[in-house]
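Chemist: Can you read through this structure? Questions will come right after.
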Amino acid sequence: MPRRHWCNDIGLVSPHSVAKPPSSGFPQTTKSMNIFNFDNLLVMACQQAQVQRLLLVFATAELPEDATPLQRIEFEQGAGGALVPAMCVDKVASEVIDFASIKREATQFAISWKVLFASSLSGLGNQPPSDDQVQAALQRMVDAIKLGAFANMLAFDELGHTISLAQK
């Protein structure tokens with residue numbers, strides 16, 4: 001069984017080496033898939049013909065140095081900020097019990113995350129994706145998040161509900 005690694009050293013990644021975000025093993029739209037929360041994602045991933053490896057990136061919110069006074073006020077009130085990847089993990093979908101279990105596991109790293117980005121990766125034929133493929137896909141997700149390119153990922157809040165992220 002492939003090892004599952006939590007990594008929290010992703011801040012060392014160069015934001016200039018951006019590649020295409022991973023393509024999911026299932027359609028990307030939440031509306032057609034009726035994914036309203038993380039647990040819906042788990043159900044859909046487990047129903048796929050191919051084994052799905054969930055790619056999860058936890059992001060914190062930080063106030064950019066060039067924030068306006070209004071943005072500073074909003075940030076102090078818990079809104080806005082720049083999303084910064086803080087840690088990531090991959091899991092075989094069938095190994096995840098529910099959102100609460102992922103959240104519990106993430107708390108051991110003492111990082112106050114605000115958004116969980118998720119995608120999935122399937123292998124070819126009966127072969128699951130290799131660890132190298134998974135790591136490369138996670139890296140592409142991290143790079144995309146740094147650029148604010150969230151289109152190929154689902155985003156979840158701290159309660160596991162899907163959220164829509166928009167640029168102001």
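Residues are referred to by chain and number: the chain letter is A, B, ... according to the order shown in the structure tokens, the number counts from 1 in that chain, and ligands are numbered separately from 1 in the order shown.
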Hey, what's within 10 Å of segment 33-50 of chain A if we count only C-alpha atoms and toss same-chain stuff fewer than 2 positions away? As a PyMOL selection string, please?
Modeler: chain A and resi 25-31+52-54+92-100+102+116+118-128+154-157+159-163
Chemist: Quote the spacing between atom CA of Ser130 of chain A and atom CA of Ile145 of chain A in Å to one decimal place.
Modeler: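 Those two atoms sit 22.8 Å apart.
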Chemist: So that I can see what lies close to segment 77-80 of chain A, please list as a ChimeraX atom specification the residues with an atom at most 9 Å from it, counting only C-alpha atoms and leaving out residues fewer than 5 positions away in the same chain.
Modeler: /A:61-63,71-72
Chemist: Return the single residue from A:Thr68, A:Glu76, A:Leu165, A:Leu56 that is closest to Gln139 of chain A, with distances computed using only C-alpha atoms.
Modeler: A:Leu56
Chemist: Which residues in segment 17-147 of chain A does DSSP call strand (DSSP E or B)? List them as a PyMOL selection string.
Modeler: chain A and resi 37+52-62+82-92+115-122+124+127
Chemist: What is the distance between atom CA of Glu158 of chain A and atom CA of Arg140 of chain A, in Å to one decimal?
Modeler: 22.7 Å
